[in-house]
>>> print(open('model30.pdb').read())   # PDB, C-alpha atoms, pLDDT in the B column
MODEL        1
ATOM      1  CA  MET G   1    -113.122 -44.571 -16.072  1.00 92.00           C
ATOM      2  CA  VAL G   2    -109.819 -45.934 -14.777  1.00 96.00           C
ATOM      3  CA  GLU G   3    -109.425 -46.002 -10.993  1.00 96.00           C
ATOM      4  CA  LEU G   4    -105.878 -45.612  -9.725  1.00 98.00           C
ATOM      5  CA  LYS G   5    -105.246 -47.743  -6.643  1.00 98.00           C
ATOM      6  CA  THR G   6    -103.313 -46.575  -3.609  1.00 98.00           C
ATOM      7  CA  ASP G   7    -100.294 -48.558  -2.459  1.00 98.00           C
ATOM      8  CA  MET G   8    -102.369 -49.896   0.444  1.00 98.00           C
ATOM      9  CA  SER G   9    -105.080 -51.005  -1.955  1.00 98.00           C
ATOM     10  CA  ILE G  10    -102.496 -52.768  -4.119  1.00 98.00           C
ATOM     11  CA  ASP G  11    -101.242 -54.601  -1.038  1.00 98.00           C
ATOM     12  CA  ALA G  12    -104.820 -55.671  -0.294  1.00 98.00           C
ATOM     13  CA  MET G  13    -105.258 -56.845  -3.879  1.00 98.00           C
ATOM     14  CA  HIS G  14    -102.080 -58.868  -3.475  1.00 98.00           C
ATOM     15  CA  GLU G  15    -103.725 -60.773  -0.627  1.00 98.00           C
ATOM     16  CA  ALA G  16    -106.661 -61.629  -2.898  1.00 98.00           C
ATOM     17  CA  GLY G  17    -104.208 -62.549  -5.634  1.00 98.00           C
ATOM     18  CA  LEU G  18    -102.358 -64.954  -3.367  1.00 98.00           C
ATOM     19  CA  VAL G  19    -105.616 -66.816  -2.767  1.00 98.00           C
ATOM     20  CA  VAL G  20    -106.058 -67.153  -6.537  1.00 98.00           C
ATOM     21  CA  GLY G  21    -102.503 -68.417  -6.834  1.00 98.00           C
ATOM     22  CA  ARG G  22    -103.116 -71.059  -4.178  1.00 98.00           C
ATOM     23  CA  ALA G  23    -106.342 -72.142  -5.867  1.00 98.00           C
ATOM     24  CA  LEU G  24    -104.680 -72.541  -9.254  1.00 98.00           C
ATOM     25  CA  THR G  25    -101.786 -74.453  -7.733  1.00 98.00           C
ATOM     26  CA  ALA G  26    -104.180 -76.799  -5.920  1.00 98.00           C
ATOM     27  CA  VAL G  27    -106.246 -77.361  -9.069  1.00 98.00           C
ATOM     28  CA  ARG G  28    -103.188 -78.126 -11.144  1.00 98.00           C
ATOM     29  CA  GLU G  29    -101.880 -80.563  -8.553  1.00 98.00           C
ATOM     30  CA  ALA G  30    -105.283 -82.296  -8.434  1.00 98.00           C
ATOM     31  CA  ALA G  31    -105.656 -82.529 -12.206  1.00 98.00           C
ATOM     32  CA  GLY G  32    -104.926 -85.973 -13.584  1.00 97.00           C
ATOM     33  CA  VAL G  33    -106.290 -88.607 -15.888  1.00 98.00           C
ATOM     34  CA  GLY G  34    -109.785 -89.553 -14.715  1.00 98.00           C
ATOM     35  CA  VAL G  35    -110.387 -86.434 -12.604  1.00 98.00           C
ATOM     36  CA  SER G  36    -113.537 -84.526 -13.547  1.00 98.00           C
ATOM     37  CA  LEU G  37    -113.751 -80.802 -14.160  1.00 98.00           C
ATOM     38  CA  LEU G  38    -116.397 -80.578 -11.444  1.00 98.00           C
ATOM     39  CA  GLU G  39    -113.946 -82.127  -9.001  1.00 98.00           C
ATOM     40  CA  LEU G  40    -111.372 -79.473  -9.941  1.00 98.00           C
ATOM     41  CA  ASP G  41    -113.983 -76.784  -9.319  1.00 98.00           C
ATOM     42  CA  GLU G  42    -114.564 -78.215  -5.840  1.00 98.00           C
ATOM     43  CA  VAL G  43    -110.801 -78.083  -5.152  1.00 98.00           C
ATOM     44  CA  ALA G  44    -110.823 -74.362  -5.937  1.00 98.00           C
ATOM     45  CA  ARG G  45    -113.956 -73.797  -3.860  1.00 98.00           C
ATOM     46  CA  GLU G  46    -112.245 -75.347  -0.848  1.00 98.00           C
ATOM     47  CA  VAL G  47    -109.230 -73.037  -1.194  1.00 98.00           C
ATOM     48  CA  LEU G  48    -111.555 -70.015  -1.340  1.00 98.00           C
ATOM     49  CA  ARG G  49    -113.508 -71.235   1.681  1.00 98.00           C
ATOM     50  CA  GLU G  50    -110.369 -71.750   3.742  1.00 98.00           C
ATOM     51  CA  ALA G  51    -109.198 -68.223   2.899  1.00 98.00           C
ATOM     52  CA  GLY G  52    -112.554 -66.630   3.698  1.00 98.00           C
ATOM     53  CA  ALA G  53    -112.777 -65.453   0.096  1.00 98.00           C
ATOM     54  CA  SER G  54    -115.660 -65.488  -2.368  1.00 98.00           C
ATOM     55  CA  SER G  55    -115.704 -66.059  -6.104  1.00 98.00           C
ATOM     56  CA  PRO G  56    -116.290 -63.215  -8.584  1.00 98.00           C
ATOM     57  CA  PHE G  57    -116.993 -65.910 -11.212  1.00 98.00           C
ATOM     58  CA  LEU G  58    -119.843 -67.666  -9.429  1.00 98.00           C
ATOM     59  CA  GLY G  59    -123.150 -66.135 -10.526  1.00 97.00           C
ATOM     60  CA  TYR G  60    -121.461 -63.675 -12.885  1.00 97.00           C
ATOM     61  CA  ARG G  61    -123.674 -62.822 -15.862  1.00 96.00           C
ATOM     62  CA  PRO G  62    -122.381 -60.347 -18.461  1.00 92.00           C
ATOM     63  CA  SER G  63    -124.635 -59.145 -21.264  1.00 89.00           C
ATOM     64  CA  PHE G  64    -123.637 -61.937 -23.661  1.00 88.00           C
ATOM     65  CA  ALA G  65    -124.328 -64.785 -21.245  1.00 91.00           C
ATOM     66  CA  PRO G  66    -127.620 -66.697 -21.349  1.00 93.00           C
ATOM     67  CA  THR G  67    -127.240 -67.843 -17.735  1.00 96.00           C
ATOM     68  CA  PRO G  68    -125.176 -66.898 -14.671  1.00 97.00           C
ATOM     69  CA  PHE G  69    -121.825 -68.668 -14.524  1.00 98.00           C
ATOM     70  CA  PRO G  70    -122.266 -71.729 -12.273  1.00 98.00           C
ATOM     71  CA  ALA G  71    -118.716 -72.333 -11.016  1.00 98.00           C
ATOM     72  CA  VAL G  72    -115.674 -70.715  -9.384  1.00 98.00           C
ATOM     73  CA  ILE G  73    -113.286 -71.711 -12.172  1.00 98.00           C
ATOM     74  CA  CYS G  74    -113.437 -71.648 -15.935  1.00 98.00           C
ATOM     75  CA  ALA G  75    -112.158 -75.008 -17.183  1.00 98.00           C
ATOM     76  CA  SER G  76    -111.350 -74.982 -20.899  1.00 98.00           C
ATOM     77  CA  VAL G  77    -110.096 -78.211 -22.474  1.00 98.00           C
ATOM     78  CA  ASN G  78    -108.327 -78.706 -25.824  1.00 98.00           C
ATOM     79  CA  ASP G  79    -110.211 -76.617 -28.445  1.00 98.00           C
ATOM     80  CA  ALA G  80    -111.901 -74.482 -25.772  1.00 98.00           C
ATOM     81  CA  ILE G  81    -110.128 -71.127 -25.535  1.00 98.00           C
ATOM     82  CA  VAL G  82    -111.763 -69.550 -22.483  1.00 98.00           C
ATOM     83  CA  HIS G  83    -114.916 -69.544 -20.330  1.00 98.00           C
ATOM     84  CA  GLY G  84    -115.377 -73.309 -20.223  1.00 98.00           C
ATOM     85  CA  ILE G  85    -118.014 -74.432 -17.723  1.00 98.00           C
ATOM     86  CA  PRO G  86    -116.859 -77.267 -15.445  1.00 98.00           C
ATOM     87  CA  THR G  87    -118.811 -80.450 -16.169  1.00 98.00           C
ATOM     88  CA  GLY G  88    -118.534 -84.119 -15.381  1.00 98.00           C
ATOM     89  CA  TYR G  89    -116.005 -84.539 -18.186  1.00 98.00           C
ATOM     90  CA  ARG G  90    -113.080 -86.611 -16.933  1.00 98.00           C
ATOM     91  CA  LEU G  91    -109.617 -85.598 -18.060  1.00 98.00           C
ATOM     92  CA  ARG G  92    -107.866 -87.852 -20.537  1.00 98.00           C
ATOM     93  CA  ASP G  93    -104.223 -88.533 -21.206  1.00 98.00           C
ATOM     94  CA  GLY G  94    -102.819 -85.722 -23.338  1.00 98.00           C
ATOM     95  CA  ASP G  95    -105.561 -83.161 -22.663  1.00 98.00           C
ATOM     96  CA  LEU G  96    -104.581 -79.502 -22.754  1.00 98.00           C
ATOM     97  CA  VAL G  97    -106.332 -77.641 -19.938  1.00 98.00           C
ATOM     98  CA  SER G  98    -106.714 -73.944 -19.185  1.00 98.00           C
ATOM     99  CA  ILE G  99    -108.000 -72.974 -15.733  1.00 98.00           C
ATOM    100  CA  ASP G 100    -109.106 -69.414 -14.972  1.00 98.00           C
ATOM    101  CA  CYS G 101    -109.909 -68.455 -11.378  1.00 98.00           C
ATOM    102  CA  GLY G 102    -110.721 -65.369  -9.351  1.00 98.00           C
ATOM    103  CA  ALA G 103    -111.063 -64.509  -5.673  1.00 98.00           C
ATOM    104  CA  GLU G 104    -112.632 -61.601  -3.828  1.00 98.00           C
ATOM    105  CA  LEU G 105    -111.151 -60.883  -0.406  1.00 98.00           C
ATOM    106  CA  ASP G 106    -111.975 -57.861   1.754  1.00 98.00           C
ATOM    107  CA  GLY G 107    -113.601 -56.178  -1.224  1.00 98.00           C
ATOM    108  CA  TRP G 108    -110.711 -56.619  -3.661  1.00 98.00           C
ATOM    109  CA  VAL G 109    -110.420 -59.021  -6.593  1.00 98.00           C
ATOM    110  CA  GLY G 110    -107.591 -61.120  -8.027  1.00 98.00           C
ATOM    111  CA  ASP G 111    -107.840 -62.876 -11.404  1.00 98.00           C
ATOM    112  CA  SER G 112    -105.409 -65.331 -12.994  1.00 98.00           C
ATOM    113  CA  ALA G 113    -105.206 -68.304 -15.370  1.00 98.00           C
ATOM    114  CA  VAL G 114    -102.839 -71.152 -16.180  1.00 98.00           C
ATOM    115  CA  SER G 115    -102.596 -73.724 -18.982  1.00 98.00           C
ATOM    116  CA  PHE G 116    -101.057 -77.186 -18.633  1.00 98.00           C
ATOM    117  CA  THR G 117    -101.185 -80.684 -20.064  1.00 98.00           C
ATOM    118  CA  VAL G 118    -102.452 -83.829 -18.372  1.00 98.00           C
ATOM    119  CA  GLY G 119    -100.493 -87.062 -18.626  1.00 96.00           C
ATOM    120  CA  GLY G 120     -98.326 -87.452 -21.699  1.00 95.00           C
ATOM    121  CA  ALA G 121     -97.867 -84.055 -23.324  1.00 95.00           C
ATOM    122  CA  ARG G 122     -97.784 -83.537 -27.068  1.00 96.00           C
ATOM    123  CA  PRO G 123     -94.734 -81.476 -28.102  1.00 98.00           C
ATOM    124  CA  GLU G 124     -96.923 -79.008 -29.965  1.00 98.00           C
ATOM    125  CA  ASP G 125     -98.971 -78.418 -26.812  1.00 98.00           C
ATOM    126  CA  VAL G 126     -95.842 -77.834 -24.740  1.00 98.00           C
ATOM    127  CA  ARG G 127     -94.677 -75.253 -27.273  1.00 98.00           C
ATOM    128  CA  LEU G 128     -98.099 -73.583 -27.304  1.00 98.00           C
ATOM    129  CA  VAL G 129     -98.167 -73.218 -23.508  1.00 98.00           C
ATOM    130  CA  GLU G 130     -94.553 -72.055 -23.370  1.00 98.00           C
ATOM    131  CA  THR G 131     -95.295 -69.400 -25.984  1.00 98.00           C
ATOM    132  CA  ALA G 132     -98.369 -68.253 -24.055  1.00 98.00           C
ATOM    133  CA  GLU G 133     -96.190 -67.825 -20.965  1.00 98.00           C
ATOM    134  CA  ARG G 134     -93.608 -65.883 -22.987  1.00 98.00           C
ATOM    135  CA  ALA G 135     -96.354 -63.630 -24.345  1.00 98.00           C
ATOM    136  CA  LEU G 136     -97.601 -63.036 -20.805  1.00 98.00           C
ATOM    137  CA  ALA G 137     -94.075 -62.196 -19.624  1.00 98.00           C
ATOM    138  CA  ALA G 138     -93.627 -59.790 -22.532  1.00 98.00           C
ATOM    139  CA  GLY G 139     -96.891 -58.062 -21.719  1.00 98.00           C
ATOM    140  CA  ILE G 140     -95.972 -57.744 -18.057  1.00 98.00           C
ATOM    141  CA  ALA G 141     -92.539 -56.345 -18.932  1.00 98.00           C
ATOM    142  CA  ALA G 142     -94.244 -53.626 -20.987  1.00 98.00           C
ATOM    143  CA  ALA G 143     -96.549 -52.630 -18.093  1.00 98.00           C
ATOM    144  CA  VAL G 144     -94.384 -49.752 -16.909  1.00 98.00           C
ATOM    145  CA  VAL G 145     -95.121 -46.133 -16.106  1.00 98.00           C
ATOM    146  CA  GLY G 146     -94.747 -44.034 -19.247  1.00 96.00           C
ATOM    147  CA  ASN G 147     -95.757 -46.795 -21.642  1.00 98.00           C
ATOM    148  CA  ARG G 148     -99.248 -47.119 -23.080  1.00 98.00           C
ATOM    149  CA  ILE G 149    -101.821 -49.906 -23.315  1.00 98.00           C
ATOM    150  CA  GLY G 150    -100.784 -50.383 -26.933  1.00 98.00           C
ATOM    151  CA  ASP G 151     -97.256 -51.239 -25.823  1.00 98.00           C
ATOM    152  CA  ILE G 152     -98.586 -54.147 -23.747  1.00 98.00           C
ATOM    153  CA  ALA G 153    -100.847 -55.292 -26.586  1.00 98.00           C
ATOM    154  CA  HIS G 154     -98.035 -55.073 -29.122  1.00 98.00           C
ATOM    155  CA  ALA G 155     -95.643 -57.034 -26.904  1.00 98.00           C
ATOM    156  CA  ILE G 156     -98.157 -59.860 -26.474  1.00 98.00           C
ATOM    157  CA  GLY G 157     -99.237 -59.970 -30.105  1.00 98.00           C
ATOM    158  CA  ARG G 158     -95.698 -59.951 -31.425  1.00 98.00           C
ATOM    159  CA  VAL G 159     -94.737 -63.057 -29.441  1.00 98.00           C
ATOM    160  CA  CYS G 160     -97.903 -64.871 -30.529  1.00 98.00           C
ATOM    161  CA  ARG G 161     -97.687 -63.992 -34.216  1.00 98.00           C
ATOM    162  CA  GLU G 162     -93.962 -64.599 -34.570  1.00 98.00           C
ATOM    163  CA  ALA G 163     -94.522 -68.101 -33.197  1.00 98.00           C
ATOM    164  CA  GLY G 164     -97.260 -68.683 -35.769  1.00 98.00           C
ATOM    165  CA  TYR G 165    -100.270 -68.713 -33.466  1.00 98.00           C
ATOM    166  CA  GLY G 166    -103.739 -67.242 -33.835  1.00 98.00           C
ATOM    167  CA  VAL G 167    -105.133 -64.569 -31.535  1.00 98.00           C
ATOM    168  CA  PRO G 168    -108.924 -64.416 -31.008  1.00 97.00           C
ATOM    169  CA  HIS G 169    -110.038 -60.860 -31.742  1.00 95.00           C
ATOM    170  CA  GLY G 170    -112.148 -59.024 -29.189  1.00 93.00           C
ATOM    171  CA  PHE G 171    -110.961 -60.880 -26.097  1.00 94.00           C
ATOM    172  CA  GLY G 172    -108.109 -59.834 -23.857  1.00 97.00           C
ATOM    173  CA  GLY G 173    -107.245 -58.342 -20.514  1.00 98.00           C
ATOM    174  CA  HIS G 174    -108.955 -55.696 -18.412  1.00 98.00           C
ATOM    175  CA  GLY G 175    -108.726 -53.536 -15.351  1.00 98.00           C
ATOM    176  CA  VAL G 176    -109.200 -55.208 -11.962  1.00 98.00           C
ATOM    177  CA  GLY G 177    -110.110 -53.730  -8.596  1.00 98.00           C
ATOM    178  CA  ARG G 178    -113.295 -53.776  -6.568  1.00 98.00           C
ATOM    179  CA  ARG G 179    -114.839 -55.559  -9.549  1.00 97.00           C
ATOM    180  CA  MET G 180    -113.429 -58.308 -11.724  1.00 97.00           C
ATOM    181  CA  HIS G 181    -113.815 -56.317 -14.930  1.00 96.00           C
ATOM    182  CA  GLU G 182    -112.981 -52.624 -14.867  1.00 97.00           C
ATOM    183  CA  ASP G 183    -111.517 -50.136 -17.315  1.00 97.00           C
ATOM    184  CA  PRO G 184    -109.268 -50.214 -19.257  1.00 98.00           C
ATOM    185  CA  GLU G 185    -109.439 -52.975 -21.842  1.00 98.00           C
ATOM    186  CA  VAL G 186    -106.050 -54.582 -22.530  1.00 98.00           C
ATOM    187  CA  PRO G 187    -106.033 -56.137 -26.027  1.00 98.00           C
ATOM    188  CA  ASN G 188    -103.728 -58.948 -27.036  1.00 98.00           C
ATOM    189  CA  GLU G 189    -102.684 -57.128 -30.199  1.00 98.00           C
ATOM    190  CA  GLY G 190    -102.104 -53.452 -30.850  1.00 97.00           C
ATOM    191  CA  ARG G 191     -99.833 -50.690 -32.000  1.00 97.00           C
ATOM    192  CA  PRO G 192     -97.022 -49.498 -29.726  1.00 98.00           C
ATOM    193  CA  GLY G 193     -97.267 -45.957 -28.442  1.00 98.00           C
ATOM    194  CA  ARG G 194    -101.058 -45.921 -28.736  1.00 97.00           C
ATOM    195  CA  GLY G 195    -103.815 -46.027 -26.171  1.00 97.00           C
ATOM    196  CA  LEU G 196    -104.123 -45.010 -22.550  1.00 98.00           C
ATOM    197  CA  PRO G 197    -100.899 -43.961 -20.785  1.00 98.00           C
ATOM    198  CA  LEU G 198     -99.875 -46.282 -17.952  1.00 98.00           C
ATOM    199  CA  ARG G 199     -99.725 -44.625 -14.533  1.00 98.00           C
ATOM    200  CA  HIS G 200     -98.685 -45.686 -11.052  1.00 98.00           C
ATOM    201  CA  GLY G 201    -101.663 -47.342  -9.384  1.00 98.00           C
ATOM    202  CA  MET G 202    -103.250 -48.909 -12.461  1.00 98.00           C
ATOM    203  CA  VAL G 203    -104.076 -52.590 -11.909  1.00 98.00           C
ATOM    204  CA  ILE G 204    -104.771 -54.754 -14.930  1.00 98.00           C
ATOM    205  CA  ALA G 205    -105.253 -58.384 -15.874  1.00 98.00           C
ATOM    206  CA  ILE G 206    -102.932 -59.313 -18.726  1.00 98.00           C
ATOM    207  CA  GLU G 207    -104.146 -62.498 -20.434  1.00 98.00           C
ATOM    208  CA  PRO G 208    -102.846 -63.844 -23.733  1.00 98.00           C
ATOM    209  CA  MET G 209    -105.040 -66.344 -25.587  1.00 98.00           C
ATOM    210  CA  LEU G 210    -103.391 -68.389 -28.344  1.00 98.00           C
ATOM    211  CA  ILE G 211    -104.861 -70.655 -31.026  1.00 98.00           C
ATOM    212  CA  GLY G 212    -102.523 -73.435 -32.095  1.00 98.00           C
ATOM    213  CA  SER G 213    -103.379 -73.542 -35.803  1.00 98.00           C
ATOM    214  CA  GLY G 214    -102.439 -69.925 -36.438  1.00 98.00           C
ATOM    215  CA  ARG G 215    -106.004 -69.067 -37.439  1.00 98.00           C
ATOM    216  CA  ASP G 216    -108.054 -66.580 -35.445  1.00 98.00           C
ATOM    217  CA  GLY G 217    -111.576 -67.955 -35.835  1.00 98.00           C
ATOM    218  CA  TYR G 218    -113.679 -68.908 -32.821  1.00 98.00           C
ATOM    219  CA  HIS G 219    -117.310 -69.327 -31.876  1.00 97.00           C
ATOM    220  CA  ALA G 220    -119.481 -69.607 -28.787  1.00 96.00           C
ATOM    221  CA  ALA G 221    -120.513 -73.149 -27.889  1.00 97.00           C
ATOM    222  CA  ALA G 222    -124.111 -74.171 -27.234  1.00 96.00           C
ATOM    223  CA  ASP G 223    -123.775 -73.357 -23.527  1.00 96.00           C
ATOM    224  CA  GLY G 224    -123.403 -69.671 -24.454  1.00 96.00           C
ATOM    225  CA  TRP G 225    -120.194 -69.358 -22.444  1.00 97.00           C
ATOM    226  CA  THR G 226    -117.408 -71.528 -23.837  1.00 98.00           C
ATOM    227  CA  LEU G 227    -115.415 -70.072 -26.736  1.00 98.00           C
ATOM    228  CA  ARG G 228    -114.069 -72.759 -29.078  1.00 98.00           C
ATOM    229  CA  THR G 229    -111.699 -72.583 -32.020  1.00 98.00           C
ATOM    230  CA  ASP G 230    -113.476 -72.791 -35.378  1.00 98.00           C
ATOM    231  CA  ASP G 231    -111.049 -75.351 -36.763  1.00 98.00           C
ATOM    232  CA  GLY G 232    -110.881 -77.576 -33.686  1.00 98.00           C
ATOM    233  CA  SER G 233    -107.255 -76.736 -32.967  1.00 98.00           C
ATOM    234  CA  ARG G 234    -106.057 -76.458 -29.405  1.00 98.00           C
ATOM    235  CA  ALA G 235    -105.760 -73.244 -27.435  1.00 98.00           C
ATOM    236  CA  ALA G 236    -103.938 -71.896 -24.391  1.00 98.00           C
ATOM    237  CA  HIS G 237    -104.825 -69.090 -21.986  1.00 98.00           C
ATOM    238  CA  VAL G 238    -102.621 -67.617 -19.245  1.00 98.00           C
ATOM    239  CA  GLU G 239    -103.150 -64.571 -17.046  1.00 98.00           C
ATOM    240  CA  HIS G 240    -101.844 -62.532 -14.139  1.00 98.00           C
ATOM    241  CA  THR G 241    -103.204 -59.519 -12.298  1.00 98.00           C
ATOM    242  CA  VAL G 242    -100.477 -56.871 -12.435  1.00 98.00           C
ATOM    243  CA  ALA G 243    -100.062 -53.497 -10.745  1.00 98.00           C
ATOM    244  CA  VAL G 244     -98.293 -50.728 -12.642  1.00 98.00           C
ATOM    245  CA  THR G 245     -95.974 -49.019 -10.156  1.00 98.00           C
ATOM    246  CA  ALA G 246     -93.152 -46.514 -10.186  1.00 98.00           C
ATOM    247  CA  ASP G 247     -90.852 -49.421  -9.283  1.00 98.00           C
ATOM    248  CA  GLY G 248     -91.996 -51.523 -12.227  1.00 98.00           C
ATOM    249  CA  PRO G 249     -94.755 -54.076 -12.776  1.00 98.00           C
ATOM    250  CA  ARG G 250     -95.842 -56.011  -9.691  1.00 98.00           C
ATOM    251  CA  ILE G 251     -97.484 -59.412 -10.182  1.00 98.00           C
ATOM    252  CA  LEU G 252    -100.317 -59.755  -7.636  1.00 98.00           C
ATOM    253  CA  THR G 253    -101.329 -63.345  -8.442  1.00 98.00           C
ATOM    254  CA  GLU G 254     -98.011 -65.167  -8.269  1.00 96.00           C
ATOM    255  CA  ARG G 255     -98.064 -68.944  -7.927  1.00 91.00           C
ATOM    256  CA  ASN G 256     -95.456 -71.454  -6.868  1.00 76.00           C
ATOM    257  CA  SER G 257     -93.216 -73.056  -9.502  1.00 43.00           C
ATOM    258  CA  LYS G 258     -95.648 -75.937 -10.125  1.00 42.00           C
ATOM    259  CA  ALA G 259     -98.229 -73.603 -11.644  1.00 39.00           C
TER
ENDMDL
END
>>> encode(input="model30.pdb", output="structure tokens")
Amino acid sequence: MVELKTDMSIDAMHEAGLVVGRALTAVREAAGVGVSLLELDEVAREVLREAGASSPFLGYRPSFAPTPFPAVICASVNDAIVHGIPTGYRLRDGDLVSIDCGAELDGWVGDSAVSFTVGGARPEDVRLVETAERALAAGIAAAVVGNRIGDIAHAIGRVCREAGYGVPHGFGGHGVGRRMHEDPEVPNEGRPGRGLPLRHGMVIAIEPMLIGSGRDGYHAAADGWTLRTDDGSRAAHVEHTVAVTADGPRILTERNSKA
């Protein structure tokens, strides 16, 4: 069931989204060669603490997970697509990092992700991240009243496929509200004009995931959480929480220009 949010509720979700934006900005600024993923998780925790927010990630345990998630960020490096658990791994020059973060504030959730390189960037990684951002922008532009979920999915998938990238099937965006994952599902590929009509008050997370090799295969790592590319190629993941409004799509998790 899709819950339509009031304008006041969307404003409240924006406050939660701003906390997420600050956390992602702080994590990106802290990321550097030699910094551990656990240290980045602590940076995000501090931002949440200062805002009086909690983490919808910490302790989250969906049906597929063998254990509750132990951190406030997902930190996915190189061939990890999404859901990476922060560990003591220390970032190396040239790593491609995707950070996913959420915040719950006054009962409302924001959810967002960013991908970036550490140190000297490989040109192919820069192109991968830039394409992920273009796919996200295309999906957001399609999130207008009168369109359908399939229009968002088609916009994302078209950018990814035309650039030659793979798209992991079965993972994509979702509704956001009082809980991190609500209806509807928002796939990263689909047919235009199909699916649920978009209405004022719908709030969704739009999150392209791209595989650099152009192949779609992935698998769950031994930790039961991290999804990795089958062929070891690198991946990127970006995301914003977006409200569908009569005035057009409204990004609720905006970040500053550094993130």
>>> residues_near_point(input="model30.pdb", point="(-95.5, -70.0, -35.5)", cutoff="10 Å", atoms="all atoms listed in the file", output="VMD selection string")
chain G and resid 127 to 128 131 159 to 166 212 to 214
>>> write_last_selection(input="model30.pdb", atoms="C-alpha atoms", output="JSON list (two decimals), in the coordinates of the input")
[["chain", "number", "residue", "atom", "x", "y", "z"],
["G", 127, "ARG", "CA", -94.68, -75.25, -27.27],
["G", 128, "LEU", "CA", -98.10, -73.58, -27.30],
["G", 131, "THR", "CA", -95.30, -69.40, -25.98],
["G", 159, "VAL", "CA", -94.74, -63.06, -29.44],
["G", 160, "CYS", "CA", -97.90, -64.87, -30.53],
["G", 161, "ARG", "CA", -97.69, -63.99, -34.22],
["G", 162, "GLU", "CA", -93.96, -64.60, -34.57],
["G", 163, "ALA", "CA", -94.52, -68.10, -33.20],
["G", 164, "GLY", "CA", -97.26, -68.68, -35.77],
["G", 165, "TYR", "CA", -100.27, -68.71, -33.47],
["G", 166, "GLY", "CA", -103.74, -67.24, -33.84],
["G", 212, "GLY", "CA", -102.52, -73.44, -32.10],
["G", 213, "SER", "CA", -103.38, -73.54, -35.80],
["G", 214, "GLY", "CA", -102.44, -69.92, -36.44]]
>>> closest_residue(input="model30.pdb", among="G:Ile149, G:Ala103, G:Ile211, G:Cys74", to="G:His169", atoms="all atoms listed in the file")
G:Ile211
>>> closest_atom_pairs(input="model30.pdb", of="stretch 84-162 of chain G", to="stretch 75-80 of chain G", cutoff="9 Å", atoms="only C-alpha atoms", output="Markdown table")
| residue | atom | partner | partner_atom | distance |
| --- | --- | --- | --- | --- |
| G:Gly84 | CA | G:Ser76 | CA | 4.4 |
| G:Ile85 | CA | G:Ala75 | CA | 5.9 |
| G:Pro86 | CA | G:Ala75 | CA | 5.5 |
| G:Thr87 | CA | G:Ala75 | CA | 8.7 |
| G:Leu91 | CA | G:Val77 | CA | 8.6 |
| G:Asp95 | CA | G:Asn78 | CA | 6.1 |
| G:Leu96 | CA | G:Asn78 | CA | 4.9 |
| G:Val97 | CA | G:Val77 | CA | 4.6 |
| G:Ser98 | CA | G:Ser76 | CA | 5.1 |
| G:Ile99 | CA | G:Ala75 | CA | 4.9 |
| G:Asp100 | CA | G:Ala75 | CA | 6.7 |
>>> closest_residue(input="model30.pdb", among="G:Gly120, G:Gly34, G:Gly224, G:Gly201", to="G:Asp247", atoms="all atoms listed in the file")
G:Gly201
>>> axis_aligned_box(input="model30.pdb", around="stretch 173-190 of chain G", padding_each_side="5 Å", output="lines of an AutoDock Vina configuration file")
center_x = -108.5
center_y = -54.5
center_z = -18.7
size_x = 22.7
size_y = 18.8
size_z = 34.3
>>> build_atoms(input="model30.pdb", residues="stretch 217-224 of chain G", atoms="N, CA, C and O atoms", output="compact mmCIF listing (two decimals), in the coordinates of the input")
# COMPACT_ATOMS: atom_id res chain seq x y z
N GLY G 217 -110.14 -67.75 -35.95
CA GLY G 217 -111.58 -67.96 -35.84
C GLY G 217 -112.00 -68.69 -34.58
O GLY G 217 -111.35 -69.65 -34.15
N TYR G 218 -113.12 -68.26 -34.01
CA TYR G 218 -113.68 -68.91 -32.82
C TYR G 218 -115.18 -68.70 -32.82
O TYR G 218 -115.72 -67.86 -33.56
N HIS G 219 -115.86 -69.45 -31.99
CA HIS G 219 -117.31 -69.33 -31.88
C HIS G 219 -117.73 -69.69 -30.46
O HIS G 219 -117.00 -70.36 -29.73
N ALA G 220 -118.92 -69.25 -30.09
CA ALA G 220 -119.48 -69.61 -28.79
C ALA G 220 -120.16 -70.96 -28.89
O ALA G 220 -120.90 -71.24 -29.85
N ALA G 221 -119.89 -71.82 -27.92
CA ALA G 221 -120.51 -73.15 -27.89
C ALA G 221 -121.98 -73.03 -27.50
O ALA G 221 -122.48 -71.95 -27.16
N ALA G 222 -122.68 -74.16 -27.52
CA ALA G 222 -124.11 -74.17 -27.23
C ALA G 222 -124.44 -73.69 -25.83
O ALA G 222 -125.55 -73.20 -25.59
N ASP G 223 -123.49 -73.80 -24.90
CA ASP G 223 -123.78 -73.36 -23.53
C ASP G 223 -123.79 -71.84 -23.40
O ASP G 223 -124.14 -71.29 -22.35
N GLY G 224 -123.38 -71.13 -24.47
CA GLY G 224 -123.40 -69.67 -24.45
C GLY G 224 -122.22 -69.04 -23.75
O GLY G 224 -122.07 -67.82 -23.78
